[in-house]
>>> print(open('structure-v9.txt').read())   # compact mmCIF, C-alpha atoms
# COMPACT_ATOMS: atom_id res chain seq x y z
CA MET O 32 -5.22 15.12 140.88
CA SER O 33 -8.53 15.13 142.72
CA HIS O 34 -9.27 18.75 143.69
CA VAL O 35 -10.60 21.39 141.31
CA ILE O 36 -9.95 25.10 141.30
CA SER O 37 -12.61 27.67 142.03
CA VAL O 38 -12.56 30.16 139.19
CA GLU O 39 -14.08 32.83 141.43
CA SER O 40 -11.10 32.68 143.76
CA LEU O 41 -8.46 33.12 141.04
CA THR O 42 -6.19 36.13 141.14
CA ASP O 43 -6.11 38.44 138.12
CA GLY O 44 -2.92 36.73 137.05
CA GLY O 45 -4.48 33.29 137.35
CA ARG O 46 -7.52 34.32 135.33
CA ALA O 47 -5.37 35.86 132.63
CA ALA O 48 -3.21 32.76 132.42
CA LEU O 49 -6.24 30.48 132.13
CA GLU O 50 -7.80 32.74 129.50
CA ARG O 51 -4.56 32.68 127.49
CA LEU O 52 -4.41 28.90 127.64
CA ILE O 53 -8.03 28.43 126.55
CA LEU O 54 -7.66 30.95 123.73
CA SER O 55 -4.43 29.38 122.56
CA LEU O 56 -6.03 25.93 122.41
CA ALA O 57 -9.32 27.12 120.88
CA ASP O 58 -7.71 29.35 118.25
CA SER O 59 -5.25 26.61 117.33
CA LYS O 60 -8.12 24.15 116.90
CA ARG O 61 -10.00 26.60 114.72
CA LEU O 62 -6.97 27.26 112.51
CA MET O 63 -6.09 23.55 112.42
CA GLY O 64 -9.60 22.95 111.09
CA ILE O 65 -9.09 25.53 108.38
CA ARG O 66 -5.82 23.91 107.37
CA TYR O 67 -7.49 20.51 107.13
CA SER O 68 -10.34 22.04 105.14
CA ASP O 69 -7.83 23.42 102.62
CA TRP O 70 -7.16 19.80 101.60
CA VAL O 71 -10.68 18.35 101.49
CA LEU O 72 -10.39 18.69 97.72
CA GLY O 73 -6.90 17.93 96.49
CA ALA O 74 -5.87 15.29 99.00
CA PRO O 75 -4.04 12.29 97.51
CA SER O 76 -7.16 10.09 97.45
CA LEU O 77 -10.92 10.36 97.82
CA GLU O 78 -10.82 8.61 101.18
CA THR O 79 -8.06 10.90 102.46
CA GLY O 80 -10.10 13.94 101.41
CA ILE O 81 -13.10 12.59 103.30
CA ALA O 82 -10.87 12.01 106.33
CA THR O 83 -9.61 15.61 106.22
CA SER O 84 -13.22 16.77 105.94
CA SER O 85 -14.07 14.79 109.05
CA MET O 86 -11.03 16.14 110.87
CA THR O 87 -12.09 19.66 109.91
CA GLN O 88 -15.42 19.08 111.61
CA ASP O 89 -13.71 17.57 114.64
CA GLU O 90 -11.40 20.56 115.03
CA TRP O 91 -14.17 23.11 114.73
CA GLY O 92 -16.26 21.17 117.22
CA HIS O 93 -13.34 21.14 119.62
CA ALA O 94 -12.79 24.86 119.10
CA ARG O 95 -16.42 25.60 119.86
CA LEU O 96 -16.27 23.61 123.11
CA LEU O 97 -13.04 25.31 124.14
CA TYR O 98 -14.33 28.82 123.38
CA ALA O 99 -17.39 28.00 125.49
CA MET O 100 -15.10 27.42 128.47
CA LEU O 101 -14.43 31.17 128.48
CA LYS O 102 -17.92 31.63 129.93
CA HIS O 103 -16.49 30.36 133.20
CA LEU O 104 -14.28 33.44 133.17
CA ASP O 105 -17.24 35.70 132.39
CA ILE O 106 -16.04 36.21 128.82
CA ASP O 107 -18.54 36.16 125.97
CA PRO O 108 -17.37 33.41 123.57
CA THR O 109 -19.50 34.77 120.71
CA GLN O 110 -17.53 38.00 120.65
CA VAL O 111 -14.28 36.06 120.85
CA GLU O 112 -15.24 33.76 118.00
CA HIS O 113 -16.64 36.34 115.64
CA ASP O 114 -15.24 39.75 116.40
CA ARG O 115 -11.48 39.80 116.85
CA SER O 116 -8.64 41.13 114.79
CA ALA O 117 -5.98 38.80 113.39
CA GLU O 118 -3.49 40.34 115.82
CA ALA O 119 -5.52 39.01 118.76
CA TYR O 120 -5.35 35.36 117.69
CA ALA O 121 -3.37 33.08 119.99
CA ASN O 122 -3.06 30.03 117.73
CA LEU O 123 0.10 28.07 117.15
CA SER O 124 1.96 30.21 114.64
CA VAL O 125 2.70 27.29 112.31
CA LEU O 126 -1.00 27.44 111.41
CA ASP O 127 -0.96 31.12 110.39
CA GLN O 128 -0.59 30.42 106.67
CA PRO O 129 -2.00 27.76 104.33
CA PHE O 130 0.28 24.81 103.68
CA ASP O 131 1.78 24.67 100.21
CA ASP O 132 1.82 20.91 99.91
CA TRP O 133 0.35 17.72 101.36
CA ALA O 134 3.65 16.90 103.10
CA ALA O 135 3.36 20.07 105.19
CA LEU O 136 -0.16 19.11 106.26
CA VAL O 137 1.07 15.63 107.20
CA ALA O 138 3.83 17.20 109.29
CA ALA O 139 1.22 19.39 110.98
CA MET O 140 -0.97 16.36 111.74
CA VAL O 141 1.93 14.82 113.64
CA ILE O 142 3.60 17.91 115.09
CA ALA O 143 0.97 20.66 115.55
CA ASP O 144 -2.11 18.50 116.06
CA GLY O 145 -0.01 16.10 118.11
CA ALA O 146 1.21 18.89 120.38
CA LEU O 147 -2.34 20.16 120.83
CA SER O 148 -3.41 16.68 121.92
CA VAL O 149 -0.58 16.47 124.43
CA ALA O 150 -1.59 19.86 125.86
CA LEU O 151 -5.28 18.91 125.90
CA CYS O 152 -4.57 15.60 127.60
CA ALA O 153 -2.70 17.46 130.33
CA PHE O 154 -5.51 20.05 130.56
CA SER O 155 -8.05 17.23 131.04
CA GLU O 156 -6.04 15.87 133.95
CA GLY O 157 -5.68 19.23 135.70
CA THR O 158 -7.78 21.18 138.15
CA PHE O 159 -10.03 23.09 135.72
CA GLU O 160 -13.22 21.06 135.90
CA PRO O 161 -14.76 21.98 132.51
CA ALA O 162 -11.65 20.56 130.82
CA ARG O 163 -11.99 17.31 132.74
CA VAL O 164 -15.55 16.96 131.46
CA ARG O 165 -15.20 18.15 127.87
CA VAL O 166 -11.74 17.19 126.70
CA PRO O 167 -11.72 13.36 126.89
CA LYS O 168 -14.14 13.04 123.94
CA MET O 169 -11.92 15.38 121.92
CA LEU O 170 -8.94 13.16 122.63
CA ALA O 171 -10.87 10.07 121.50
CA GLU O 172 -11.55 11.77 118.16
CA GLU O 173 -7.96 12.92 117.92
CA SER O 174 -6.74 9.31 118.00
CA PHE O 175 -7.89 9.03 114.37
CA HIS O 176 -5.93 12.14 113.42
CA VAL O 177 -2.81 10.65 114.97
CA SER O 178 -3.28 7.37 113.10
CA LEU O 179 -3.63 9.13 109.78
CA GLY O 180 -0.70 11.46 110.45
CA VAL O 181 1.65 8.71 111.59
CA ALA O 182 0.79 6.48 108.61
CA TRP O 183 1.31 9.29 106.11
CA TYR O 184 4.49 10.55 107.75
CA GLY O 185 5.95 7.06 107.52
CA ARG O 186 4.80 6.66 103.94
CA LEU O 187 6.24 9.98 102.78
CA SER O 188 9.46 9.29 104.65
CA ALA O 189 9.90 6.18 102.52
CA ALA O 190 8.75 7.79 99.27
CA SER O 191 10.53 9.87 96.63
CA ASP O 192 13.37 12.29 97.31
CA GLU O 193 10.96 15.15 96.62
CA ALA O 194 8.45 13.87 99.18
CA ARG O 195 11.16 13.38 101.80
CA SER O 196 12.54 16.83 101.11
CA LEU O 197 9.14 18.52 101.48
CA LEU O 198 8.39 16.59 104.65
CA ARG O 199 11.75 17.43 106.16
CA ALA O 200 11.40 21.12 105.30
CA ALA O 201 7.95 21.26 106.92
CA THR O 202 9.20 19.40 109.97
CA ASP O 203 12.15 21.77 110.32
CA ARG O 204 9.77 24.76 110.17
CA GLN O 205 7.17 23.43 112.58
CA LEU O 206 9.06 21.52 115.25
CA PRO O 207 11.06 24.38 116.88
CA VAL O 208 7.90 26.52 117.07
CA VAL O 209 5.86 23.76 118.66
CA LEU O 210 8.63 22.95 121.14
CA ALA O 211 8.68 26.63 122.16
CA TRP O 212 4.90 26.60 122.62
CA LEU O 213 4.85 23.48 124.79
CA GLY O 214 8.04 24.44 126.57
CA SER O 215 6.99 27.95 127.53
CA ASP O 216 8.06 28.64 131.08
CA ASP O 217 6.95 32.26 131.35
CA ALA O 218 4.98 33.77 134.24
CA ALA O 219 1.57 32.71 132.92
CA SER O 220 2.72 29.14 132.35
CA ARG O 221 4.15 28.93 135.85
CA GLU O 222 0.90 30.31 137.24
CA LEU O 223 -1.02 27.48 135.59
CA VAL O 224 1.41 24.94 137.02
CA GLU O 225 0.97 26.42 140.47
CA LEU O 226 -2.82 26.19 140.14
CA GLY O 227 -2.56 22.58 139.00
CA VAL O 228 -4.30 23.45 135.72
CA MET O 229 -1.33 22.28 133.64
CA PRO O 230 1.86 20.31 134.31
CA SER O 231 5.30 21.83 133.96
CA ALA O 232 6.71 22.85 130.60
CA GLU O 233 9.30 20.10 130.99
CA ALA O 234 6.60 17.46 131.53
CA LEU O 235 4.66 18.64 128.48
CA THR O 236 7.75 18.64 126.32
CA THR O 237 8.77 15.20 127.52
CA ALA O 238 5.31 13.80 126.77
CA PHE O 239 5.29 15.33 123.30
CA LYS O 240 8.75 14.10 122.42
CA ALA O 241 7.82 10.60 123.54
CA SER O 242 4.73 10.69 121.33
CA VAL O 243 6.56 11.72 118.14
CA ARG O 244 10.09 10.37 118.62
CA ASP O 245 9.62 7.17 116.62
CA VAL O 246 7.57 8.60 113.77
CA LEU O 247 9.93 11.55 113.27
CA ALA O 248 12.87 9.15 113.32
CA ASP O 249 11.36 7.60 110.18
CA GLY O 250 12.19 10.92 108.52
CA ASP O 251 15.70 10.97 110.05
CA VAL O 252 14.66 13.68 112.51
CA ASP O 253 16.00 13.41 116.05
CA VAL O 254 13.44 15.29 118.13
CA ASP O 255 15.87 15.44 121.06
CA ALA O 256 18.37 17.37 118.96
CA ILE O 257 15.95 20.12 117.92
CA GLU O 258 16.16 23.46 119.73
CA ALA O 259 12.97 25.32 120.62
CA ALA O 260 12.47 28.62 118.80
CA SER O 261 13.21 31.76 120.81
CA ASP O 262 10.47 33.98 119.32
CA TRP O 263 7.77 34.42 121.99
CA ASP O 264 4.85 36.77 122.58
CA ALA O 265 3.92 36.30 126.22
CA ALA O 266 0.66 38.24 125.90
CA ARG O 267 -0.80 35.63 123.56
CA GLY O 268 1.32 32.61 124.45
CA ARG O 269 2.62 32.09 120.94
CA ALA O 270 5.29 33.35 118.56
CA SER O 271 5.00 36.80 117.01
CA GLY O 272 2.89 37.35 113.90
CA HIS O 273 -0.72 36.44 113.23
CA PRO O 274 -2.93 34.45 110.85
CA ASP O 275 -3.51 35.91 107.39
CA ASP O 276 -6.66 37.97 106.79
CA ASP O 277 -8.35 35.29 104.69
CA SER O 278 -7.94 32.70 107.45
CA VAL O 279 -9.36 35.08 110.05
CA ASP O 280 -12.31 35.90 107.78
CA ARG O 281 -13.00 32.19 107.48
CA ALA O 282 -12.53 31.63 111.22
CA CYS O 283 -14.97 34.44 112.06
CA GLY O 284 -17.37 33.96 109.19
CA SER O 285 -16.98 37.71 108.70
CA LYS O 286 -18.02 37.97 105.07
CA ASN O 287 -21.20 35.99 105.38
CA ARG O 288 -22.15 36.74 108.96
CA ALA O 289 -23.36 40.15 107.77
CA LEU O 290 -26.11 38.29 105.90
CA LEU O 291 -27.57 36.96 109.12
CA VAL O 292 -30.89 38.44 110.18
CA GLU O 293 -31.03 38.19 113.93
CA MET Q 145 0.92 5.32 95.44
CA ILE Q 146 0.01 1.70 96.15
CA GLU Q 147 -3.21 1.34 98.09
CA ILE Q 148 -4.95 -1.71 99.46
CA THR Q 149 -8.68 -2.35 99.23
CA TYR Q 150 -10.47 -3.06 102.49
CA ASP Q 151 -14.11 -4.08 102.91
CA VAL Q 152 -16.01 -2.41 105.71
CA PHE Q 153 -18.44 -4.19 108.02
CA ALA Q 154 -20.53 -2.59 110.74
CA ARG Q 155 -23.48 -3.05 113.07
CA LYS Q 156 -25.70 -0.30 114.46
CA ASN Q 157 -26.58 -1.96 117.74
CA ARG Q 158 -25.25 -4.70 119.98
CA GLY Q 159 -26.76 -7.96 118.77
CA ASP Q 160 -27.36 -6.74 115.21
CA LEU Q 161 -25.88 -8.69 112.36
CA LEU Q 162 -22.56 -7.39 111.09
CA SER Q 163 -23.33 -6.01 107.62
CA HIS Q 164 -21.16 -5.16 104.66
CA VAL Q 165 -21.44 -1.36 104.29
CA GLY Q 166 -18.83 -0.63 101.61
CA TYR Q 167 -15.13 -0.49 100.92
CA VAL Q 168 -12.18 1.90 101.16
CA ASP Q 169 -8.72 2.09 99.68
CA ALA Q 170 -5.94 2.80 102.14
CA LEU Q 171 -2.18 2.74 102.66
CA ASP Q 172 -2.31 0.25 105.51
CA ASP Q 173 -4.49 -1.18 108.27
CA GLU Q 174 -4.35 1.94 110.44
CA THR Q 175 -5.35 4.34 107.69
CA ALA Q 176 -8.03 1.87 106.57
CA LYS Q 177 -9.64 2.20 110.00
CA VAL Q 178 -9.60 6.01 109.73
CA HIS Q 179 -10.95 6.01 106.18
CA ALA Q 180 -13.71 3.56 107.06
CA TRP Q 181 -14.79 5.49 110.14
CA THR Q 182 -14.82 8.85 108.36
CA THR Q 183 -16.29 7.63 105.05
CA TYR Q 184 -19.16 5.60 106.48
CA SER Q 185 -20.13 8.08 109.17
CA GLU Q 186 -23.82 8.21 108.31
CA GLU Q 187 -24.67 6.09 111.35
CA SER Q 188 -23.58 6.05 114.96
CA TRP Q 189 -22.11 2.58 114.67
CA PHE Q 190 -21.88 0.27 117.67
CA GLU Q 191 -19.09 -1.66 115.95
CA MET Q 192 -17.11 -1.34 112.74
CA CYS Q 193 -14.43 -3.60 111.29
CA VAL Q 194 -12.30 -3.61 108.15
CA VAL Q 195 -10.97 -6.67 106.32
CA ARG Q 196 -8.39 -6.72 103.57
CA ARG Q 197 -10.29 -7.78 100.49
CA SER Q 198 -7.49 -10.16 99.58
CA GLN Q 199 -8.19 -12.08 102.81
CA ILE Q 200 -11.83 -12.77 101.93
CA LEU Q 201 -12.27 -16.22 100.39
CA PRO Q 202 -15.18 -16.52 97.94
CA VAL Q 203 -17.13 -19.72 98.55
CA ASN Q 204 -19.48 -20.26 95.65
CA ARG Q 205 -18.56 -17.78 92.92
CA VAL Q 206 -15.60 -17.30 90.65
CA ASP Q 207 -16.63 -13.79 89.55
CA GLY Q 208 -17.13 -10.51 91.38
CA PRO Q 209 -14.83 -8.33 93.50
CA PHE Q 210 -13.87 -10.90 96.13
CA ALA Q 211 -12.91 -13.53 93.56
CA LYS Q 212 -11.00 -10.87 91.63
CA ALA Q 213 -8.97 -10.11 94.74
CA GLN Q 214 -8.04 -13.80 94.80
CA GLY Q 215 -7.12 -13.79 91.13
CA GLY Q 216 -10.44 -15.25 89.96
CA VAL Q 217 -12.62 -14.43 86.96
CA VAL Q 218 -14.15 -10.96 86.88
>>> encode(input="structure-v9.txt", output="structure tokens")
Amino acid sequence: MSHVISVESLTDGGRAALERLILSLADSKRLMGIRYSDWVLGAPSLETGIATSSMTQDEWGHARLLYAMLKHLDIDPTQVEHDRSAEAYANLSVLDQPFDDWAALVAAMVIADGALSVALCAFSEGTFEPARVRVPKMLAEESFHVSLGVAWYGRLSAASDEARSLLRAATDRQLPVVLAWLGSDDAASRELVELGVMPSAEALTTAFKASVRDVLADGDVDVDAIEAASDWDAARGRASGHPDDDSVDRACGSKNRALLVE
Amino acid sequence: MIEITYDVFARKNRGDLLSHVGYVDALDDETAKVHAWTTYSEESWFEMCVVRRSQILPVNRVDGPFAKAQGGVV
């Protein structure tokens, strides 16, 4: 796709759809970073903890770059990053709460982080120029996240009954939600397809399924047999609900930002 | 959890000598690459490689970590 869109010429609907997409990606990256950070201490090995620390930094860096894209829509990213209620967050809903166990984080590496990479890859190939410029480096960093997630998913799939059970439960919780997110075919999603910013919901879903089919099969999960969840909040482009207050405080830096002298 | 020890080698610039920078324990080759890259991130490396310690053949010593990996004297 060679042409790029002119943001100035977008209709109100086009601008709103692009804003929703950027917020959904940026908020998801920020929350994904928080979920990785939850396991910096307590991961199964020192090296794995260091890797989750590195992935935390990657995700927050990606979030910062994505929030900055809102400037192209004349939206102040500082306000968006630091002064929003939990109810305004547009992140993937599977990231709303901390994960109870390492298996759930591993499932999120493959399913949630994997879906974000599929969406970002498509975004980088679309007509919104800032995404073409900024996103490829994110995807290069994400290749390490995929490697770690795939290796751990395979390892837990072949481990104890308890590990398999936890992994399967997390997969069953996350996969329908992520399929609904990628497979959204509402008015805003169709607007983005029309503008060439994103491919169709079907194309996104097909790409995601291809990327996870083999690894999920290790856990006896047939991705083609899973139904997308029906819960959908079109205003934010995610399921209903919102992140917990502690997560939003950490995302915004609310408690400590008051100490800043500007 | 059975992990494998990998030694990590890296060079800062094209043409530099490849240097031993440390080791990591990992589940397999793919996770070893991730652990090495994230653990030894103090430099912007031009090139980094990992080698299973068990594949390194000590030449002149029968003690130390490489000989131990081959079943030698520690």
>>> interface_residues(input="structure-v9.txt", of="chain Q", to="chain O", cutoff="9 Å", atoms="all atoms listed in the file", output="PDB file with C-alpha atoms, in the frame of the given file")
ATOM      1  CA  MET Q 145       0.920   5.320  95.440  1.00  0.00           C
ATOM      2  CA  VAL Q 168     -12.180   1.900 101.160  1.00  0.00           C
ATOM      3  CA  ASP Q 169      -8.720   2.090  99.680  1.00  0.00           C
ATOM      4  CA  ALA Q 170      -5.940   2.800 102.140  1.00  0.00           C
ATOM      5  CA  LEU Q 171      -2.180   2.740 102.660  1.00  0.00           C
ATOM      6  CA  ASP Q 172      -2.310   0.250 105.510  1.00  0.00           C
ATOM      7  CA  GLU Q 174      -4.350   1.940 110.440  1.00  0.00           C
ATOM      8  CA  THR Q 175      -5.350   4.340 107.690  1.00  0.00           C
ATOM      9  CA  LYS Q 177      -9.640   2.200 110.000  1.00  0.00           C
ATOM     10  CA  VAL Q 178      -9.600   6.010 109.730  1.00  0.00           C
ATOM     11  CA  HIS Q 179     -10.950   6.010 106.180  1.00  0.00           C
ATOM     12  CA  ALA Q 180     -13.710   3.560 107.060  1.00  0.00           C
ATOM     13  CA  TRP Q 181     -14.790   5.490 110.140  1.00  0.00           C
ATOM     14  CA  THR Q 182     -14.820   8.850 108.360  1.00  0.00           C
ATOM     15  CA  THR Q 183     -16.290   7.630 105.050  1.00  0.00           C
TER      16      THR Q 183
END
>>> atom_distance(input="structure-v9.txt", atom1="atom CA of O:Ala201", atom2="atom CA of O:Val137")
8.9 Å
>>> atom_distance(input="structure-v9.txt", atom1="atom CA of Q:Ala211", atom2="atom CA of Q:Ser163")
19.0 Å
>>> atom_distance(input="structure-v9.txt", atom1="atom CA of O:Arg195", atom2="atom CA of O:Ser68")
23.4 Å
>>> closest_residue(input="structure-v9.txt", among="O:Val228, O:Val209, O:Val246, O:Leu62", to="O:Val38", atoms="all atoms listed in the file")
O:Val228
>>> residues_around(input="structure-v9.txt", residues="Q:Arg158", least_positions_apart="5", cutoff="10 Å", atoms="only C-alpha atoms", output="list in words")
Trp189, Phe190 and Glu191 of chain Q
>>> write_last_selection(input="structure-v9.txt", atoms="C-alpha atoms", output="PDB file, keeping the file's coordinate frame")
ATOM      1  CA  TRP Q 189     -22.110   2.580 114.670  1.00  0.00           C
ATOM      2  CA  PHE Q 190     -21.880   0.270 117.670  1.00  0.00           C
ATOM      3  CA  GLU Q 191     -19.090  -1.660 115.950  1.00  0.00           C
TER       4      GLU Q 191
END
>>> axis_aligned_box(input="structure-v9.txt", around="stretch 169-179 of chain Q", padding_each_side="8 Å", output="AutoDock Vina command-line options")
--center_x -6.6 --center_y 2.4 --center_z 105.1 --size_x 24.8 --size_y 23.2 --size_z 26.8
>>> closest_residue(input="structure-v9.txt", among="O:Gly145, O:Met100, O:Ala189, O:Ala74", to="O:Arg163", atoms="all atoms listed in the file")
O:Met100
>>> closest_residue(input="structure-v9.txt", among="O:Ser278, O:Ser242, O:Ser220, O:Ser196", to="O:Met63", atoms="all atoms listed in the file")
O:Ser278
>>> closest_residue(input="structure-v9.txt", among="O:Arg221, O:His113, O:Arg244, O:Lys102", to="O:Val279", atoms="all atoms listed in the file")
O:His113
>>> closest_residue(input="structure-v9.txt", among="O:Leu206, O:Val149, O:Met229, O:Leu54", to="O:Pro108", atoms="all atoms listed in the file")
O:Leu54
>>> closest_residue(input="structure-v9.txt", among="O:Trp212, O:Phe154, O:Phe239, O:Phe130", to="O:Leu170", atoms="all atoms listed in the file")
O:Phe154
>>> residues_around(input="structure-v9.txt", residues="Q:Ser188", least_positions_apart="5", cutoff="10 Å", atoms="all atoms listed in the file", output="mmCIF file with C-alpha atoms, in the coordinates of the input")
data_model
loop_
_atom_site.group_PDB
_atom_site.id
_atom_site.type_symbol
_atom_site.label_atom_id
_atom_site.label_comp_id
_atom_site.auth_asym_id
_atom_site.auth_seq_id
_atom_site.Cartn_x
_atom_site.Cartn_y
_atom_site.Cartn_z
ATOM 1 C CA ARG Q 155 -23.480 -3.050 113.070
ATOM 2 C CA LYS Q 156 -25.700 -0.300 114.460
ATOM 3 C CA ASN Q 157 -26.580 -1.960 117.740
#
>>> residues_around(input="structure-v9.txt", residues="O:Gln88", least_positions_apart="6", cutoff="10 Å", atoms="all atoms listed in the file", output="VMD selection string")
chain O and resid 61 64 to 65 67 to 68 82 94
